[in-house]
Each structure stands twice: as C-alpha cells, then as structure tokens.
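Printed here is upload.csv (CSV, C-alpha atoms and all ligand atoms):
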```csv
chain,number,residue,atom,x,y,z
A,1,MET,CA,10.6,-21.9,18.2
A,2,LYS,CA,10.2,-19.2,15.6
A,3,LYS,CA,7.2,-19.5,13.3
A,4,ARG,CA,8.0,-19.7,9.6
A,5,ILE,CA,5.8,-17.4,7.6
A,6,LEU,CA,5.4,-17.1,3.9
A,7,LEU,CA,4.3,-13.6,2.8
A,8,LEU,CA,2.6,-13.5,-0.6
A,9,ALA,CA,2.4,-10.1,-2.3
A,10,GLY,CA,2.0,-8.5,-5.7
A,11,GLY,CA,-0.4,-10.7,-7.8
A,12,GLN,CA,-2.4,-10.3,-11.0
A,13,SER,CA,-4.9,-7.6,-10.1
A,14,GLY,CA,-4.9,-3.9,-10.7
A,15,GLU,CA,-3.8,-3.5,-7.1
A,16,HIS,CA,-0.4,-5.3,-7.6
A,17,GLU,CA,1.6,-2.2,-6.6
A,18,VAL,CA,-0.6,-1.4,-3.6
A,19,SER,CA,0.0,-5.0,-2.4
A,20,LEU,CA,3.8,-4.6,-2.6
A,21,MET,CA,3.7,-1.4,-0.6
A,22,SER,CA,1.7,-3.2,2.1
A,23,ALA,CA,4.1,-6.1,2.0
A,24,ARG,CA,7.1,-3.9,2.7
A,25,SER,CA,5.3,-2.5,5.8
A,26,VAL,CA,4.4,-6.0,7.1
A,27,LEU,CA,7.9,-7.4,6.5
A,28,ASN,CA,9.4,-4.6,8.6
A,29,ALA,CA,6.8,-5.1,11.4
A,30,LEU,CA,6.6,-8.8,12.1
A,31,PRO,CA,8.9,-9.2,15.2
A,32,LYS,CA,12.2,-11.0,14.2
A,33,ASP,CA,12.4,-12.8,17.5
A,34,GLN,CA,9.1,-14.6,16.9
A,35,PHE,CA,8.9,-15.0,13.1
A,36,ASP,CA,11.1,-16.0,10.3
A,37,VAL,CA,9.4,-14.4,7.3
A,38,THR,CA,10.0,-15.3,3.6
A,39,PRO,CA,8.4,-13.0,1.0
A,40,VAL,CA,7.3,-14.4,-2.4
A,41,VAL,CA,6.2,-11.9,-5.0
A,42,ILE,CA,3.6,-13.0,-7.5
A,43,SER,CA,4.2,-11.4,-10.9
A,44,LYS,CA,1.4,-9.6,-12.8
A,45,GLN,CA,1.2,-12.7,-15.0
A,46,GLY,CA,0.5,-14.8,-11.9
A,47,ARG,CA,3.8,-16.6,-11.5
A,48,TRP,CA,5.7,-17.0,-8.2
A,49,LEU,CA,9.1,-15.3,-8.2
A,50,PRO,CA,12.3,-17.0,-6.7
A,51,PRO,CA,14.1,-15.1,-3.8
A,52,THR,CA,16.4,-12.8,-5.8
A,53,GLU,CA,13.6,-11.7,-8.2
A,54,THR,CA,11.2,-11.3,-5.2
A,55,GLN,CA,13.7,-9.0,-3.6
A,56,ARG,CA,14.1,-7.0,-6.8
A,57,ALA,CA,10.3,-6.6,-7.1
A,58,LEU,CA,10.0,-5.5,-3.5
A,59,ASP,CA,12.7,-2.9,-4.1
A,60,SER,CA,11.3,-1.6,-7.4
A,61,GLY,CA,7.6,-1.8,-6.4
A,62,GLU,CA,6.4,-4.1,-9.2
A,63,ALA,CA,7.0,-7.3,-11.1
A,64,ALA,CA,5.4,-7.6,-14.5
A,65,THR,CA,6.8,-10.9,-15.6
A,66,GLY,CA,9.1,-13.7,-14.4
A,67,GLY,CA,8.7,-16.6,-12.0
A,68,ASP,CA,7.3,-20.1,-12.1
A,69,LEU,CA,3.8,-21.4,-12.6
A,70,VAL,CA,2.0,-21.3,-9.3
A,71,LEU,CA,1.5,-25.1,-9.2
A,72,HIS,CA,5.2,-25.7,-9.6
A,73,ARG,CA,6.0,-23.4,-6.6
A,74,VAL,CA,3.2,-24.3,-4.2
A,75,ALA,CA,5.1,-27.3,-3.0
A,76,SER,CA,7.8,-24.9,-1.8
A,77,ALA,CA,5.1,-23.3,0.4
A,78,GLU,CA,5.1,-26.6,2.4
A,79,GLY,CA,7.1,-26.4,5.6
A,80,TYR,CA,5.8,-22.9,6.5
A,81,ASP,CA,3.6,-22.6,9.6
A,82,ALA,CA,1.4,-20.0,8.0
A,83,VAL,CA,1.0,-17.9,4.9
A,84,PHE,CA,0.1,-14.2,4.8
A,85,PRO,CA,-1.6,-13.7,1.4
A,86,LEU,CA,-1.3,-9.9,1.3
A,87,LEU,CA,-3.0,-9.8,-2.1
A,88,HIS,CA,-5.9,-7.5,-3.3
A,89,GLY,CA,-8.6,-8.1,-5.9
A,90,PRO,CA,-9.2,-11.0,-8.2
A,91,MET,CA,-6.7,-14.0,-8.1
A,92,GLY,CA,-5.7,-13.2,-4.6
A,93,GLU,CA,-8.5,-11.8,-2.4
A,94,ASP,CA,-11.3,-13.8,-4.1
A,95,GLY,CA,-10.8,-17.3,-2.7
A,96,THR,CA,-8.5,-18.6,-5.5
A,97,VAL,CA,-5.3,-18.4,-3.5
A,98,GLN,CA,-7.2,-19.4,-0.4
A,99,GLY,CA,-8.3,-22.6,-2.2
A,100,LEU,CA,-4.8,-23.4,-3.2
A,101,LEU,CA,-3.5,-22.9,0.4
A,102,THR,CA,-6.4,-25.0,1.8
A,103,LEU,CA,-5.6,-27.8,-0.6
A,104,ALA,CA,-1.9,-27.6,0.4
A,105,GLY,CA,-3.0,-27.8,4.1
A,106,ILE,CA,-1.2,-24.6,5.1
A,107,PRO,CA,-2.9,-22.1,7.6
A,108,PHE,CA,-3.2,-18.6,6.3
A,109,VAL,CA,-4.2,-15.1,7.4
A,110,GLY,CA,-7.7,-13.9,6.6
A,111,SER,CA,-10.9,-15.3,5.3
A,112,GLY,CA,-11.2,-18.8,3.7
A,113,VAL,CA,-12.5,-19.7,0.3
A,114,LEU,CA,-16.2,-18.9,1.1
A,115,GLY,CA,-15.8,-15.6,2.9
A,116,SER,CA,-13.2,-14.4,0.4
A,117,ALA,CA,-15.2,-15.3,-2.7
A,118,VAL,CA,-18.5,-14.0,-1.5
A,119,SER,CA,-17.1,-10.7,-0.2
A,120,MET,CA,-15.1,-10.1,-3.4
A,121,ASP,CA,-18.3,-10.2,-5.6
A,122,LYS,CA,-20.4,-7.1,-4.9
A,123,VAL,CA,-23.6,-8.8,-6.0
A,124,MET,CA,-23.1,-12.0,-3.9
A,125,THR,CA,-22.2,-9.8,-1.0
A,126,LYS,CA,-25.4,-7.8,-1.4
A,127,GLN,CA,-27.6,-10.9,-1.6
A,128,VAL,CA,-26.1,-12.4,1.6
A,129,LEU,CA,-26.3,-9.1,3.5
A,130,GLU,CA,-29.9,-8.6,2.3
A,131,SER,CA,-30.8,-11.9,3.9
A,132,ALA,CA,-29.1,-10.8,7.1
A,133,GLY,CA,-31.4,-7.7,7.1
A,134,ILE,CA,-28.6,-5.2,6.5
A,135,PRO,CA,-29.6,-1.9,4.8
A,136,GLN,CA,-28.0,-1.3,1.4
A,137,VAL,CA,-28.7,0.8,-1.7
A,138,ALA,CA,-31.1,-0.7,-4.3
A,139,TRP,CA,-29.2,-2.7,-6.9
A,140,ARG,CA,-29.5,-5.0,-9.9
A,141,LEU,CA,-27.3,-7.6,-11.6
A,142,ALA,CA,-26.5,-7.6,-15.3
A,143,VAL,CA,-24.3,-10.2,-17.1
A,144,ARG,CA,-22.2,-9.7,-20.2
A,145,ARG,CA,-24.1,-12.0,-22.5
A,146,GLU,CA,-27.3,-10.1,-21.7
A,147,TRP,CA,-25.6,-6.8,-22.5
A,148,GLN,CA,-24.5,-8.3,-25.9
A,149,GLN,CA,-27.9,-9.9,-26.8
A,150,GLN,CA,-30.5,-7.7,-25.1
A,151,PRO,CA,-29.0,-4.3,-24.4
A,152,ASP,CA,-32.4,-2.6,-24.0
A,153,ALA,CA,-33.3,-5.0,-21.1
A,154,VAL,CA,-30.1,-4.0,-19.3
A,155,ARG,CA,-30.7,-0.3,-20.1
A,156,ASP,CA,-34.2,-0.5,-18.7
A,157,ARG,CA,-33.1,-2.3,-15.6
A,158,ALA,CA,-30.5,0.4,-14.9
A,159,ALA,CA,-32.9,3.2,-15.6
A,160,GLY,CA,-35.4,1.7,-13.2
A,161,LEU,CA,-33.0,2.6,-10.4
A,162,GLY,CA,-33.2,6.3,-11.3
A,163,PHE,CA,-30.3,8.7,-12.1
A,164,PRO,CA,-27.6,9.2,-11.0
A,165,LEU,CA,-26.7,5.6,-10.6
A,166,PHE,CA,-23.4,3.7,-10.3
A,167,VAL,CA,-22.2,1.0,-12.7
A,168,LYS,CA,-19.4,-1.3,-11.3
A,169,PRO,CA,-17.7,-4.5,-12.3
A,170,ALA,CA,-18.8,-7.0,-9.6
A,171,ASN,CA,-15.3,-8.3,-8.8
A,172,LEU,CA,-12.8,-5.5,-8.6
A,173,GLY,CA,-11.6,-2.8,-6.2
A,174,SER,CA,-9.8,0.5,-6.0
A,175,SER,CA,-12.8,2.0,-8.0
A,176,VAL,CA,-11.4,0.6,-11.2
A,177,GLY,CA,-14.1,0.5,-13.9
A,178,ILE,CA,-16.7,2.3,-11.7
A,179,SER,CA,-18.8,5.1,-13.3
A,180,LYS,CA,-21.3,7.5,-11.8
A,181,VAL,CA,-23.9,7.8,-14.5
A,182,ASN,CA,-25.7,11.1,-14.3
A,183,THR,CA,-28.0,10.9,-17.4
A,184,PRO,CA,-29.3,8.1,-19.7
A,185,ASP,CA,-26.9,9.1,-22.5
A,186,GLU,CA,-23.9,8.2,-20.3
A,187,LEU,CA,-25.1,4.7,-19.6
A,188,ASP,CA,-23.7,2.8,-22.6
A,189,ALA,CA,-20.2,4.0,-22.0
A,190,ALA,CA,-20.4,3.0,-18.4
A,191,LEU,CA,-21.7,-0.5,-19.2
A,192,ASN,CA,-19.1,-1.0,-21.9
A,193,LEU,CA,-16.3,0.0,-19.5
A,194,ALA,CA,-17.6,-2.3,-16.7
A,195,PHE,CA,-18.3,-5.3,-19.0
A,196,GLY,CA,-14.8,-4.9,-20.4
A,197,LEU,CA,-13.5,-5.8,-17.0
A,198,ASP,CA,-16.0,-8.4,-15.7
A,199,ARG,CA,-18.6,-10.8,-16.8
A,200,ARG,CA,-20.9,-9.6,-14.0
A,201,VAL,CA,-21.8,-6.0,-13.4
A,202,ILE,CA,-23.7,-4.4,-10.6
A,203,LEU,CA,-26.0,-1.5,-11.2
A,204,GLU,CA,-26.6,0.6,-8.0
A,205,ALA,CA,-28.9,3.4,-7.1
A,206,MET,CA,-27.0,6.3,-5.7
A,207,THR,CA,-27.6,7.2,-2.1
A,208,SER,CA,-30.3,9.9,-1.7
A,209,HIS,CA,-27.6,12.6,-1.0
A,210,LYS,CA,-23.8,12.6,-1.3
A,211,PRO,CA,-23.0,10.3,1.5
A,212,ARG,CA,-20.4,10.5,4.2
A,213,GLU,CA,-18.0,7.5,3.8
A,214,VAL,CA,-17.2,5.7,7.1
A,215,GLU,CA,-15.2,2.6,7.6
A,216,VAL,CA,-14.6,0.2,10.4
A,217,GLY,CA,-12.0,-2.6,11.0
A,218,ILE,CA,-12.9,-6.1,12.2
A,219,LEU,CA,-10.4,-8.4,13.8
A,220,GLY,CA,-10.8,-12.0,15.0
A,221,ASN,CA,-12.2,-15.3,14.0
A,222,ASP,CA,-15.3,-16.6,15.7
A,223,ALA,CA,-15.2,-13.9,18.4
A,224,PRO,CA,-14.4,-10.8,16.3
A,225,ILE,CA,-14.0,-7.2,17.6
A,226,ALA,CA,-14.7,-3.9,15.9
A,227,SER,CA,-12.3,-1.0,15.8
A,228,PRO,CA,-13.3,2.7,16.3
A,229,VAL,CA,-15.0,4.1,13.2
A,230,GLY,CA,-13.0,6.2,10.6
A,231,GLU,CA,-14.2,8.6,8.0
A,232,LEU,CA,-12.8,9.6,4.6
A,233,ARG,CA,-13.3,13.1,3.3
A,234,PHE,CA,-12.5,14.4,-0.2
A,235,ALA,CA,-13.6,17.1,-2.6
A,236,ALA,CA,-14.2,14.8,-5.7
A,237,ASP,CA,-17.7,13.8,-6.8
A,238,PHE,CA,-17.0,10.2,-5.5
A,239,TYR,CA,-14.1,8.2,-4.1
A,240,ASP,CA,-12.6,7.3,-7.5
A,241,TYR,CA,-9.1,5.8,-8.3
A,242,GLU,CA,-7.4,9.2,-8.5
A,243,THR,CA,-8.7,10.4,-5.2
A,244,LYS,CA,-7.7,7.1,-3.5
A,245,TYR,CA,-4.1,7.1,-4.8
A,246,THR,CA,-3.1,10.7,-5.2
A,247,GLU,CA,-1.4,12.1,-2.1
A,248,GLY,CA,-3.4,14.8,-0.5
A,249,ARG,CA,-6.7,14.2,-2.3
A,250,ALA,CA,-8.5,12.6,0.7
A,251,THR,CA,-8.1,12.9,4.4
A,252,MET,CA,-8.7,10.3,7.1
A,253,HIS,CA,-10.5,11.2,10.3
A,254,ILE,CA,-10.3,8.8,13.3
A,255,PRO,CA,-12.5,8.6,15.2
A,256,ALA,CA,-15.1,9.8,12.7
A,257,PRO,CA,-17.1,12.7,14.1
A,258,LEU,CA,-20.4,10.9,14.4
A,259,PRO,CA,-23.1,10.8,17.0
A,260,PRO,CA,-22.2,8.0,19.4
A,261,GLU,CA,-25.3,5.9,18.5
A,262,VAL,CA,-24.4,6.0,14.8
A,263,ALA,CA,-20.8,4.9,15.5
A,264,GLU,CA,-22.2,2.1,17.6
A,265,ARG,CA,-24.6,1.1,14.8
A,266,VAL,CA,-21.6,1.0,12.3
A,267,ARG,CA,-19.7,-1.3,14.6
A,268,SER,CA,-22.6,-3.7,15.3
A,269,VAL,CA,-23.8,-3.9,11.6
A,270,ALA,CA,-20.2,-4.6,10.5
A,271,LEU,CA,-19.8,-7.4,13.0
A,272,THR,CA,-23.1,-8.9,11.8
A,273,ALA,CA,-21.9,-8.6,8.2
A,274,PHE,CA,-18.5,-10.3,9.0
A,275,ARG,CA,-20.3,-13.2,10.5
A,276,ALA,CA,-22.9,-13.5,7.8
A,277,LEU,CA,-20.2,-13.6,5.1
A,278,ASP,CA,-18.1,-16.1,7.1
A,279,CYS,CA,-15.1,-13.8,7.2
A,280,ALA,CA,-12.1,-14.6,9.3
A,281,GLY,CA,-9.0,-12.8,10.6
A,282,LEU,CA,-9.7,-9.3,9.3
A,283,ALA,CA,-12.0,-7.2,7.2
A,284,ARG,CA,-12.6,-3.5,6.6
A,285,VAL,CA,-16.3,-2.8,6.3
A,286,ASP,CA,-17.3,0.4,4.4
A,287,PHE,CA,-20.5,2.3,4.8
A,288,PHE,CA,-22.4,5.3,3.5
A,289,TYR,CA,-23.9,7.5,6.1
A,290,VAL,CA,-26.5,9.8,4.7
A,291,GLU,CA,-26.6,12.6,7.3
A,292,GLU,CA,-29.8,14.2,5.9
A,293,THR,CA,-31.9,11.1,6.4
A,294,GLY,CA,-29.9,9.2,9.1
A,295,GLU,CA,-29.6,6.2,6.8
A,296,LEU,CA,-26.6,3.9,7.3
A,297,LEU,CA,-26.1,1.7,4.3
A,298,LEU,CA,-23.4,-0.9,4.0
A,299,ASN,CA,-21.4,-0.5,0.9
A,300,GLU,CA,-18.8,-3.2,0.8
A,301,VAL,CA,-16.6,-5.6,2.8
A,302,ASN,CA,-12.9,-5.8,1.9
A,303,THR,CA,-11.3,-9.1,3.2
A,304,MET,CA,-7.7,-7.9,2.5
A,305,PRO,CA,-7.8,-4.1,3.0
A,306,GLY,CA,-4.8,-1.9,2.2
A,307,PHE,CA,-2.1,-2.6,4.7
A,308,THR,CA,0.7,0.0,4.7
A,309,THR,CA,1.4,1.7,8.0
A,310,THR,CA,-0.7,4.6,6.9
A,311,SER,CA,-3.7,2.7,5.5
A,312,MET,CA,-7.1,3.0,7.1
A,313,TYR,CA,-7.3,-0.5,8.6
A,314,PRO,CA,-4.1,-0.4,10.7
A,315,LYS,CA,-4.8,3.2,11.6
A,316,LEU,CA,-8.2,2.2,13.0
A,317,PHE,CA,-6.7,-0.4,15.3
A,318,GLU,CA,-3.8,1.9,16.3
A,319,ALA,CA,-6.5,4.3,17.6
A,320,ALA,CA,-7.8,1.3,19.6
A,321,GLY,CA,-4.3,0.9,21.1
A,322,LEU,CA,-3.1,-1.9,18.9
A,323,GLY,CA,0.1,-0.8,17.2
A,324,TYR,CA,1.0,-2.0,13.6
A,325,SER,CA,3.5,-4.7,14.7
A,326,GLU,CA,1.1,-6.1,17.4
A,327,LEU,CA,-1.6,-6.1,14.8
A,328,VAL,CA,0.2,-8.2,12.2
A,329,THR,CA,1.4,-10.5,15.0
A,330,ARG,CA,-2.2,-10.9,16.1
A,331,LEU,CA,-3.3,-11.7,12.5
A,332,VAL,CA,-0.7,-14.5,12.2
A,333,THR,CA,-1.7,-15.9,15.6
A,334,LEU,CA,-5.4,-15.9,14.4
A,335,ALA,CA,-4.3,-17.8,11.3
A,336,LEU,CA,-2.7,-20.5,13.5
A,337,GLU,CA,-5.8,-20.7,15.8
A,338,GLU,CA,-8.0,-23.8,15.7
A,339,ARG,CA,-11.4,-22.9,14.3
A,401,LIG,P1,-14.4,-0.3,-4.7
A,401,LIG,O1,-14.5,-1.8,-4.3
A,401,LIG,O2,-13.7,-0.2,-6.0
A,401,LIG,O3,-13.8,0.5,-3.6
A,401,LIG,P2,-17.0,0.9,-4.1
A,401,LIG,O4,-18.2,0.1,-4.3
A,401,LIG,O5,-16.5,1.1,-2.7
A,401,LIG,O6,-15.9,0.2,-5.0
A,401,LIG,O7,-17.2,2.3,-4.9
A,401,LIG,C1,-16.2,3.3,-4.9
A,401,LIG,C2,-16.7,4.6,-4.5
A,401,LIG,O8,-17.8,5.0,-5.4
A,401,LIG,C3,-17.3,4.7,-3.1
A,401,LIG,O9,-16.3,4.8,-2.1
A,401,LIG,C4,-18.2,5.9,-3.2
A,401,LIG,O10,-17.5,7.1,-3.2
A,401,LIG,C5,-18.8,5.8,-4.6
A,401,LIG,N1,-20.0,5.0,-4.6
A,401,LIG,C6,-20.1,3.7,-5.0
A,401,LIG,N2,-21.4,3.3,-5.0
A,401,LIG,C7,-22.2,4.3,-4.6
A,401,LIG,C8,-23.6,4.5,-4.3
A,401,LIG,N3,-24.4,3.5,-4.5
A,401,LIG,N4,-24.0,5.7,-3.9
A,401,LIG,C9,-23.1,6.7,-3.7
A,401,LIG,N5,-21.8,6.6,-3.9
A,401,LIG,C10,-21.3,5.4,-4.3
A,402,MG,MG,-13.6,-2.7,-2.5
A,403,MG,MG,-14.7,0.9,-1.8
```

Could the structure of this file be written out as structure tokens, please?
Ligand code: ADP
Ligand code: MG
Ligand code: MG
Amino acid sequence: MKKRILLLAGGQSGEHEVSLMSARSVLNALPKDQFDVTPVVISKQGRWLPPTETQRALDSGEAATGGDLVLHRVASAEGYDAVFPLLHGPMGEDGTVQGLLTLAGIPFVGSGVLGSAVSMDKVMTKQVLESAGIPQVAWRLAVRREWQQQPDAVRDRAAGLGFPLFVKPANLGSSVGISKVNTPDELDAALNLAFGLDRRVILEAMTSHKPREVEVGILGNDAPIASPVGELRFAADFYDYETKYTEGRATMHIPAPLPPEVAERVRSVALTAFRALDCAGLARVDFFYVEETGELLLNEVNTMPGFTTTSMYPKLFEAAGLGYSELVTRLVTLALEER
C-alpha cells in the first residue's frame, strides 16, 4: 500500500521562499509508486492553504496571505502516514510545528520538539554542546529587556569578547540580522538590529583567523551516520545573506580538501552533537576550521537544512552514493520507524 505523505512548505520565517524551492525538489523526487504526496503551503501569515492555492504558491514561489488558521486545518492532516515539515526557521524548524504534529499523533520527518527547539536557539545549542565537551567560540547571552534597561552592561559584556565580534539573533537563520562588529562604535547598531528580530541575542567572539567553513550531513535516528565533509568558499568577509543566495557568490567543495584526521574529527563531533541535542532524521552540522591553529569549532546545527537538489545536505549524501530520491525516501522511512 502506498504511504500517504503530507508535505508542509513555506511558513512564516524569512526562509519561506527557500522552503518552497526545497519542496518542489522533494515533490518531484518521492517515488510515485511508493508515496502519495499532498503538499500544503503555509502562508507567510501562518495559515494553511487549500489545494488550489497551494499549487499556485508552489508555481509562483511564495504565498504572502490566504488559507485557514492552522488549528482548523490540522484535523485534515489526520489520515496521513507521515508529514514532511520542510520548513526553515521560527514557526517551523523550532519545535512549534513538531509539537502540533506530536499532539495530532502523526509521525513526521526530522527532529522532535526537544531537538528542534534546542537546535534552533543558538544560545541553548551552545550550552548543551558545552556540556558535551564540544569546542566552540566564546559567547554570551543578552536579552532585550537588559538592552533597554542596562545598555552599558550589554556593551561591556560584548566588549569583553574582544573585537571583531559577531552579534546574532538567537533564533534565526540565513544570516538574517547577523553583524560582524569590527569596532566598539559599530556595536549599538548591531544590537539594535538583532534585538529588532529576537528577544534573545547571542554575542560571539570571532574565530582567531578567518575560518574555513565546513559542513557535514547526519542521517538516521538512534543509529545516525555522517556524510562526507563539504566546504563553502566565498570572497565575502563572512557568509552573509547575499553570499548565500546570490548565484555564483559561493562555491561548494565535496569532499572538502582537509587532512583525513580533520575530516574524521568533523564527522565524529557532529555525531556527538546530534545525539547530545536529541536530533532525529537529519541535520546539517556546520563548523569553523581554523587552519592556522588547527582548531575545529562547532558553529551550529540545522535540523531542517536547505533541501533543493543542489543544496549542501543532499549533495553531501549524493557524494556518499545516496541519490536525492533515495535520500528523501529514507527520511520518510525514518519518520515511520519505531523509536
Ligand atoms: P545562520 O544560522 O544564520 O547561518 P551562523 O551562526 O551560521 O548563522 O552565521 C552566519 C555566518 O557568519 C557564518 O557562516 C560565518 O561566515 C559567520 N560567522 C558567524 N559566527 C562567527 C564567528 N564566531 N566567527 C567567525 N565567523 C562567524
Ligand atoms: Mg543556521
Ligand atoms: Mg549558518
């Protein structure tokens, strides 16, 4: 019997359009003889679109408005064997949708509430990984109320990390709201930008030199495997939004030209992180490799990484011999697995 799959895409975050691109690839790739796939696009306002509007959104690449309140439509998710929540960022990758699906009793692709929520928040991730003994850059937390009431305390905390430093909203992706702060006089603008997007902001020391950026894919539930390691190269000062989404600004190198023991360290630290964060199904774990010092610092864990046919995660597993269509089939199978 064919499995009935509900594919959720779009969503309320800044990565709405990226999600729709990924969804088109996944829709084409799930084998028709095994799966009966129904896409539902979530508008930027968070409402679930009916079939004709969903199709229109998939064709046009975005849906600003329309649809029903999620709680009216979730009942229509019953009767599916599994859901593929192909959503990035807040209100999709952060445990909210995962909680809704858990309550509705429907299996889904990827991490559960805990793994999704902890991995989405850069501060919470750092705390958990610190307790697992994983090397990371020095960091501090600041919350919006503090910035409003004791700005000097926040400025001092940031300055304590030294310049340049990075200021980031704790719960975002795609480099949205991230600043590299080179001098103290650039700090306030960076903090205002980040606090405009999140209540929680992470302050991070910059790596000692411009790092090499290497990424690895993890696949599986309680017996996860790691892909070969990939590397991103770009001319920009850091991997900002423009560099990520402008064709030709960055190049992907798979496998990353790294000494074998460094690549092995990447894979083994990534597996430790995946387990420590209670991730499931898939994750892309991103690192900084500081060639000058040999340091390997874990940067972040993405529980629903970009998923077009040319995205890093599928490319990493393709290099391991697992094609795109086999990969998405495997992810659905993992969702249906008893845990
Ligand atoms: P996002 O979740 O939006 O991708 P990241 O934490 O990965 O945010 O930061 C985006 C980019 O900013 C990184 O890929 C890297 O280029 C740069 N960057 C972030 N933090 C640091 C840091 N502490 N040291 C050096 N570069 C950094
Ligand atoms: Mg991220
Ligand atoms: Mg990143």

- Please write out the residues within 9 Å of ligand MG 402 (chain A) as a PyMOL selection string, counting all atoms listed in the file. chain A and resi 89+120+122+171-175+286+299-303+305

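Here the question is which of A:Gln127, A:Thr310, A:Ser119, A:Asn192 gets nearest to ligand LIG 401 (chain A) using all atoms listed in the file, and that residue is A:Ser119.
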
Give me the residues near Ser60 (chain A) as a PDB file with C-alpha atoms, in the frame of the given file, where near means some atom within 10 Å (using only C-alpha atoms) and where sequence neighbours in that chain fewer than 5 positions away do not count.
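What landed in selection39.pdb:
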```
ATOM      1  CA  GLU A  17       1.600  -2.200  -6.600  1.00  0.00           C
ATOM      2  CA  LEU A  20       3.800  -4.600  -2.600  1.00  0.00           C
ATOM      3  CA  THR A  54      11.200 -11.300  -5.200  1.00  0.00           C
ATOM      4  CA  GLN A  55      13.700  -9.000  -3.600  1.00  0.00           C
TER       5      GLN A  55
END
```

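Going from CA of Pro85 (chain A) over to CA of Val97 (chain A), you cover 7.7 Å.
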
- Message: I want to know what sits within 12 Å of Thr246 (chain A), based on only C-alpha atoms, with residues of the same chain fewer than 6 positions away left out; could you give that as an NGL selection string?
- Response: :A and (234 or 236 or 239-240)

- Item | Exercise: Ser111 (chain A) partners within 10 Å, only C-alpha atoms, chain neighbours under 5 positions left out, as a PyMOL selection string | chain A and resi 93-95+98+116-117+119+221+274+277-283+303-304+335

Keeping only C-alpha atoms, write those residues as a PDB file, keeping the file's coordinate frame.
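Saved result, result38.pdb, follows:
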```
ATOM      1  CA  GLU A  93      -8.500 -11.800  -2.400  1.00  0.00           C
ATOM      2  CA  ASP A  94     -11.300 -13.800  -4.100  1.00  0.00           C
ATOM      3  CA  GLY A  95     -10.800 -17.300  -2.700  1.00  0.00           C
ATOM      4  CA  GLN A  98      -7.200 -19.400  -0.400  1.00  0.00           C
ATOM      5  CA  SER A 116     -13.200 -14.400   0.400  1.00  0.00           C
ATOM      6  CA  ALA A 117     -15.200 -15.300  -2.700  1.00  0.00           C
ATOM      7  CA  SER A 119     -17.100 -10.700  -0.200  1.00  0.00           C
ATOM      8  CA  ASN A 221     -12.200 -15.300  14.000  1.00  0.00           C
ATOM      9  CA  PHE A 274     -18.500 -10.300   9.000  1.00  0.00           C
ATOM     10  CA  LEU A 277     -20.200 -13.600   5.100  1.00  0.00           C
ATOM     11  CA  ASP A 278     -18.100 -16.100   7.100  1.00  0.00           C
ATOM     12  CA  CYS A 279     -15.100 -13.800   7.200  1.00  0.00           C
ATOM     13  CA  ALA A 280     -12.100 -14.600   9.300  1.00  0.00           C
ATOM     14  CA  GLY A 281      -9.000 -12.800  10.600  1.00  0.00           C
ATOM     15  CA  LEU A 282      -9.700  -9.300   9.300  1.00  0.00           C
ATOM     16  CA  ALA A 283     -12.000  -7.200   7.200  1.00  0.00           C
ATOM     17  CA  THR A 303     -11.300  -9.100   3.200  1.00  0.00           C
ATOM     18  CA  MET A 304      -7.700  -7.900   2.500  1.00  0.00           C
ATOM     19  CA  ALA A 335      -4.300 -17.800  11.300  1.00  0.00           C
TER      20      ALA A 335
END
```

- Query: Leaving out Gly294 (chain A) and any residue of its chain fewer than 3 positions from it, which residues lie within 12 Å of it when counting all atoms listed in the file, given as a PyMOL selection string?
  - Reply: chain A and resi 135+207-209+211-212+258-259+261-263+265+288-291+297

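Distance annotation: of A:Leu141, A:Val266, A:Val328, A:Leu87, the residue with the minimal separation from Leu27 (chain A) is A:Val328; atom set is only C-alpha atoms.
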
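Among the candidates A:Met312, A:Ala153, A:Leu193, A:Ala273, the one nearest to ligand MG 403 (chain A) when counting only C-alpha atoms and all ligand atoms is A:Met312.
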
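Counting from CA of Glu231 (chain A), the distance to CA of Gly112 (chain A) is 27.9 Å.
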
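Minimum atom-to-atom distance to Thr308 (chain A), evaluated using only C-alpha atoms, belongs to A:Ser325 out of A:Ser43, A:Gln136, A:Ser325, A:Ser131.
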
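Closest to ligand LIG 401 (chain A) among A:Met91, A:Val83, A:Val128, A:Val176 is A:Val176, based on all atoms listed in the file.
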
- Go through A:Val18, A:Ala159, A:Ala194, A:Val167 and flag the residue nearest Tyr245 (chain A), using all atoms listed in the file for the distances. A:Val18

- Query: Hey, what's within 12 Å of Lys32 (chain A) if we count all atoms listed in the file and toss same-chain stuff fewer than 3 positions away? As number ranges by chain, please?
  - Reply: A: 1-5, 26-29, 35-38, 325, 329

- Figure out the distance between CA of Val269 (chain A) and CA of Ala23 (chain A), please, to one decimal in Å. 29.6 Å

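Residues of protein, DNA or RNA having at least one counted atom within 10 Å of (-29.9, 2.3, -4.6), given all atoms listed in the file, are Gln136, Val137, Ala138, Trp139, Arg140, Leu161, Gly162, Phe163, Pro164, Leu165, Phe166, Leu203, Glu204, Ala205, Met206, Thr207, Ser208 and Leu297 of chain A.
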